[in-house]
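*Asks:* Sharing a structure below in structure tokens format, with a few things to ask.
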Amino acid sequence: MQLKWGIIGTGRICHDFCLALLTCDKKEHIIVAVGSRNKSQAENFVREFHLENQVQIYGSQDEVFQDVNVDIVYIGTIEQVHRDLCIKALNHQKHVLCEKPLAMNTGEIEEIINAAKKTKKFIMEAIWSRFFPIYFDLRNAIQQIGRVTYVECTFCVRNLNAFGIWSTLMAIGCYPIQAALIAFDHEEPEIIRATGHTKEHQNQLTDRMASITLLFKNNRMAVLTCITEDIESASSLKIYGTEGVVNIPSHFWAPTQIILPNGQIVEHSLPETMKKTNLEHSAGLCYEAIACREQILNEKTEHPLMTLEHSLQIARIIEESRRQILHPTD
């Protein structure tokens with residue numbers, strides 16, 4: 001089965017997703033539509049990939065949803081409209097892969113879940129990390145280190161604030177949180193403690209830098225840090241168990257290397273894209289696309305490695321962390 005993709009948006013992440021998708025088997029994945037509120041932008045976008053002969057170009061997002069040739073949409077717009085676009089797509093009987101964050105808050109995610117249940121179409125938040133080959137090694141390694149007791153994860157995206165992001169945690173907070181939740185098998189933390197620095201963005205107070213501690217029962221914890229300053233810092237993940245340690249020393253959110261508990265270094269290279277991606281290791285976006293197709297072929301509405309309940313849990317932690325950082329005296 002050839003999965004026919006409609007792309008919603010023409011920004012940097014949509015650009016990288018298309019580059020990654022074009023590395024997939026053409027018998028399994030094809031881009032058939034691109035929609036943007038600015039049709040000329042969509043035309044330029046399609047021209048960049050030399051896809052003029054196979055892609056329908058639309059000057060609105062709704063037209064992509066209405067295209068009967070589209071099986072699944074990739075939503076790569078600003079997060080403020082993710083909820084509305086996901087629900088529209090589902091109501092038009094399209095499968096959905098939506099960029100993180102899935103929505104602005106837990107309430108909006110609940111609305112998406114309700115729509116997904118009614119339409120019975122596949123939908124997943126694009127937490128691409130979980131589908132990298134290294135993450136399969138990670139899950140296996142976690143089973144070898146006894147009881148997981150401590151997780152430490154630092155995510156530094158150098159100078160991300162220069163791109164005008166409105167919230168550090170909404171932009172990148174999902175990555176260390178999802179990694180910690182894998183380590184603790186998505187157990188709900190008993191206590192969430194968050195602190196950090198704030199900034200003004202469009203006359204509103206928001207988070208700029210964050211440190212989150214998740215406390216789990218029986219003396220287990222995760223310490224997670226999100227940094228978007230102009231500094232050098234390894235974005236690493238270490239998981240400590242009673243019988244060993246597993247370590248992703250860099251690029252933990254899109255990794256090509258892992259150090260197993262026995263000290264063995266395992267590496268997986270990324271596919272080559274036709275041109276340079278905007279973001280590091282974005283060629284690995286192909287893995288989540290492949291994962292979507294596998295579940296759709298099996299007539300599933302969610303992926304077991306990234307369910308809607310997982311999205312809801314991640315959003316709850318981000319929501320509570322932001323509340324504590326923005327209103328520390330509450």
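Residues are named by chain letter and number: chains run A, B, ... in the order of the structure tokens, numbers start at 1 in each chain, and ligands are numbered from 1 in the order shown.
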Please, which residues of range 4-229 of chain A, numbered as in this document, come out strand (DSSP E or B) from DSSP, as a PyMOL selection string?

*Replies:* chain A and resi 4-8+29-35+56-58+72-75+95-98+123-125+148-156+191-201+204-216+220-227

*Asks:* Within 9 Å of range 216-221 of chain A, counting only C-alpha atoms, which residues qualify if same-chain residues fewer than 4 places away don't, as a PyMOL selection string?

*Replies:* chain A and resi 148-152+184+187-191

*Asks:* For Cys153 in chain A, work out the shell of residues within 7 Å, counting only C-alpha atoms and skipping chain neighbours fewer than 4 positions away, then give it as a count of residues only.

*Replies:* 7

*Asks:* Looking at only C-alpha atoms, which of A:Ile172, A:Leu215, A:Ile231, A:Leu308 is the one that sits closest to Arg193 in chain A?

*Replies:*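 Using only C-alpha atoms, Arg193 in chain A sits closest to A:Leu215.
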
*Asks:* Applying 9 Å and only C-alpha atoms, which residues near Ile192 in chain A remain after dropping the ones on its own chain fewer than 5 positions away? List them as a list in words.

*Replies:*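 Skipping anything fewer than 5 positions along the chain leaves Ile212, Thr213, Leu214, Leu215, Ile317, Glu320 and Ser321 of chain A.
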
*Asks:* Any idea what's packed within 10 Å of Glu299 in chain A, counting only C-alpha atoms, ignoring anything in its chain fewer than 6 positions away? Could you give it as a list in words?

*Replies:*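 These residues fall inside the cut-off: Lys120, Lys121, Phe122 and Arg293 of chain A.
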
*Asks:* Return the single residue from A:His186, A:Lys26, A:His201, A:Arg147 that is closest to Thr168 in chain A, with distances computed using only C-alpha atoms.

*Replies:*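 Distance minimum relative to Thr168 in chain A lands on A:His201.
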
*Asks:* Can you tell me which residues surround Pro271 in chain A at a distance of at most 8 Å, considering only C-alpha atoms, apart from same-chain residues fewer than 4 positions away, and format the answer as a ChimeraX atom specification?

*Replies:* /A:20,23,283-284

*Asks:* List as a list in words the protein and nucleic acid residues near Ile259 in chain A, meaning an atom at most 12 Å away when only C-alpha atoms are counted, but skip any in the same chain fewer than 6 places from it.

*Replies:*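 That gives Ile134, Tyr135, Asp137, Leu138, Ala141, Ile142, Ser236, Leu237, Lys238, Ile239, Gly244, Val245, Val246, Asn247, Ile248, Pro249, Ser250, Phe252, Ile265, Val266 and Glu267 of chain A.
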
*Asks:* Give me a file of those residues, with N, CA, C and O atoms, as an mmCIF file, in the first residue's frame.

*Replies:*
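For reference, out_2.cif as written:
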```cif
data_model
loop_
_atom_site.group_PDB
_atom_site.id
_atom_site.type_symbol
_atom_site.label_atom_id
_atom_site.label_comp_id
_atom_site.auth_asym_id
_atom_site.auth_seq_id
_atom_site.Cartn_x
_atom_site.Cartn_y
_atom_site.Cartn_z
ATOM 1 N N ILE A 134 17.858 3.774 17.491
ATOM 2 C CA ILE A 134 18.538 3.810 18.785
ATOM 3 C C ILE A 134 17.546 3.678 19.941
ATOM 4 O O ILE A 134 17.870 3.094 20.986
ATOM 5 N N TYR A 135 16.330 4.185 19.769
ATOM 6 C CA TYR A 135 15.342 4.094 20.857
ATOM 7 C C TYR A 135 14.859 2.658 21.066
ATOM 8 O O TYR A 135 14.452 2.298 22.167
ATOM 9 N N ASP A 137 17.000 0.157 20.786
ATOM 10 C CA ASP A 137 18.118 -0.302 21.612
ATOM 11 C C ASP A 137 17.964 0.202 23.043
ATOM 12 O O ASP A 137 18.272 -0.522 24.006
ATOM 13 N N LEU A 138 17.499 1.440 23.185
ATOM 14 C CA LEU A 138 17.306 2.021 24.511
ATOM 15 C C LEU A 138 16.289 1.213 25.322
ATOM 16 O O LEU A 138 16.541 0.885 26.492
ATOM 17 N N ALA A 141 17.789 -1.977 26.434
ATOM 18 C CA ALA A 141 18.822 -1.780 27.460
ATOM 19 C C ALA A 141 18.200 -1.505 28.823
ATOM 20 O O ALA A 141 18.728 -1.951 29.856
ATOM 21 N N ILE A 142 17.084 -0.783 28.849
ATOM 22 C CA ILE A 142 16.412 -0.482 30.117
ATOM 23 C C ILE A 142 16.001 -1.779 30.825
ATOM 24 O O ILE A 142 16.041 -1.863 32.062
ATOM 25 N N SER A 236 22.047 15.263 26.406
ATOM 26 C CA SER A 236 22.325 13.872 26.742
ATOM 27 C C SER A 236 21.246 13.279 27.632
ATOM 28 O O SER A 236 20.472 13.989 28.284
ATOM 29 N N LEU A 237 21.232 11.948 27.655
ATOM 30 C CA LEU A 237 20.292 11.194 28.488
ATOM 31 C C LEU A 237 21.046 10.070 29.171
ATOM 32 O O LEU A 237 21.758 9.291 28.516
ATOM 33 N N LYS A 238 20.895 9.977 30.502
ATOM 34 C CA LYS A 238 21.472 8.868 31.266
ATOM 35 C C LYS A 238 20.388 8.262 32.136
ATOM 36 O O LYS A 238 19.670 8.986 32.847
ATOM 37 N N ILE A 239 20.283 6.941 32.066
ATOM 38 C CA ILE A 239 19.292 6.224 32.859
ATOM 39 C C ILE A 239 20.035 5.250 33.764
ATOM 40 O O ILE A 239 20.780 4.377 33.283
ATOM 41 N N GLY A 244 22.892 -1.292 36.430
ATOM 42 C CA GLY A 244 23.643 -0.747 35.302
ATOM 43 C C GLY A 244 23.135 0.603 34.848
ATOM 44 O O GLY A 244 22.162 1.149 35.392
ATOM 45 N N VAL A 245 23.817 1.132 33.837
ATOM 46 C CA VAL A 245 23.515 2.465 33.308
ATOM 47 C C VAL A 245 23.447 2.383 31.783
ATOM 48 O O VAL A 245 24.235 1.675 31.145
ATOM 49 N N VAL A 246 22.507 3.113 31.199
ATOM 50 C CA VAL A 246 22.455 3.262 29.750
ATOM 51 C C VAL A 246 22.574 4.740 29.426
ATOM 52 O O VAL A 246 22.003 5.589 30.121
ATOM 53 N N ASN A 247 23.323 5.049 28.366
ATOM 54 C CA ASN A 247 23.695 6.440 28.127
ATOM 55 C C ASN A 247 23.576 6.782 26.647
ATOM 56 O O ASN A 247 24.129 6.093 25.792
ATOM 57 N N ILE A 248 22.817 7.839 26.345
ATOM 58 C CA ILE A 248 22.851 8.449 25.015
ATOM 59 C C ILE A 248 23.619 9.760 25.187
ATOM 60 O O ILE A 248 23.084 10.732 25.737
ATOM 61 N N PRO A 249 24.884 9.807 24.772
ATOM 62 C CA PRO A 249 25.746 10.934 25.147
ATOM 63 C C PRO A 249 25.461 12.244 24.433
ATOM 64 O O PRO A 249 25.872 13.306 24.911
ATOM 65 N N SER A 250 24.775 12.186 23.277
ATOM 66 C CA SER A 250 24.444 13.437 22.587
ATOM 67 C C SER A 250 23.251 13.205 21.675
ATOM 68 O O SER A 250 22.923 12.065 21.327
ATOM 69 N N PHE A 252 20.125 13.159 22.175
ATOM 70 C CA PHE A 252 19.257 12.095 22.705
ATOM 71 C C PHE A 252 17.874 12.115 22.062
ATOM 72 O O PHE A 252 17.201 11.086 22.003
ATOM 73 N N ILE A 265 29.280 0.362 22.370
ATOM 74 C CA ILE A 265 28.750 1.518 21.654
ATOM 75 C C ILE A 265 28.043 1.023 20.391
ATOM 76 O O ILE A 265 28.641 0.332 19.564
ATOM 77 N N VAL A 266 26.764 1.349 20.268
ATOM 78 C CA VAL A 266 25.980 0.978 19.100
ATOM 79 C C VAL A 266 25.667 2.244 18.310
ATOM 80 O O VAL A 266 25.269 3.256 18.888
ATOM 81 N N GLU A 267 25.852 2.171 16.996
ATOM 82 C CA GLU A 267 25.594 3.334 16.154
ATOM 83 C C GLU A 267 24.651 2.966 15.012
ATOM 84 O O GLU A 267 24.692 1.847 14.492
#
```

*Asks:* Between A:Gln264, A:Ala33, A:Val68, A:Gln295, which is the closest to Thr307 in chain A once you count only C-alpha atoms?

*Replies:*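 Residue with the minimum atom-to-atom distance to Thr307 in chain A: A:Gln295.
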
*Asks:* Figure out the distance between CA of Val46 in chain A and CA of Cys18 in chain A, please, to one decimal in Å.

*Replies:*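 Going from CA of Cys18 in chain A over to CA of Val46 in chain A, I get 9.7 Å.
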
*Asks:* Work out how far CA of Gln257 in chain A is from CA of His303 in chain A, in Å to one decimal.

*Replies:*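 One can read the CA of His303 in chain A to CA of Gln257 in chain A distance as 24.1 Å.
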
*Asks:* One number please: CA of Ala180 in chain A to CA of Tyr240 in chain A, in Å, one decimal.

*Replies:*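 It comes out at 11.1 Å.
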
*Asks:* Tell me, which residues of range 59-278 of chain A carry DSSP helix (DSSP H, G or I), written as a PyMOL selection string?

*Replies:* chain A and resi 61-66+79-91+106-119+128-131+133-142+160-163+168-172+174-183
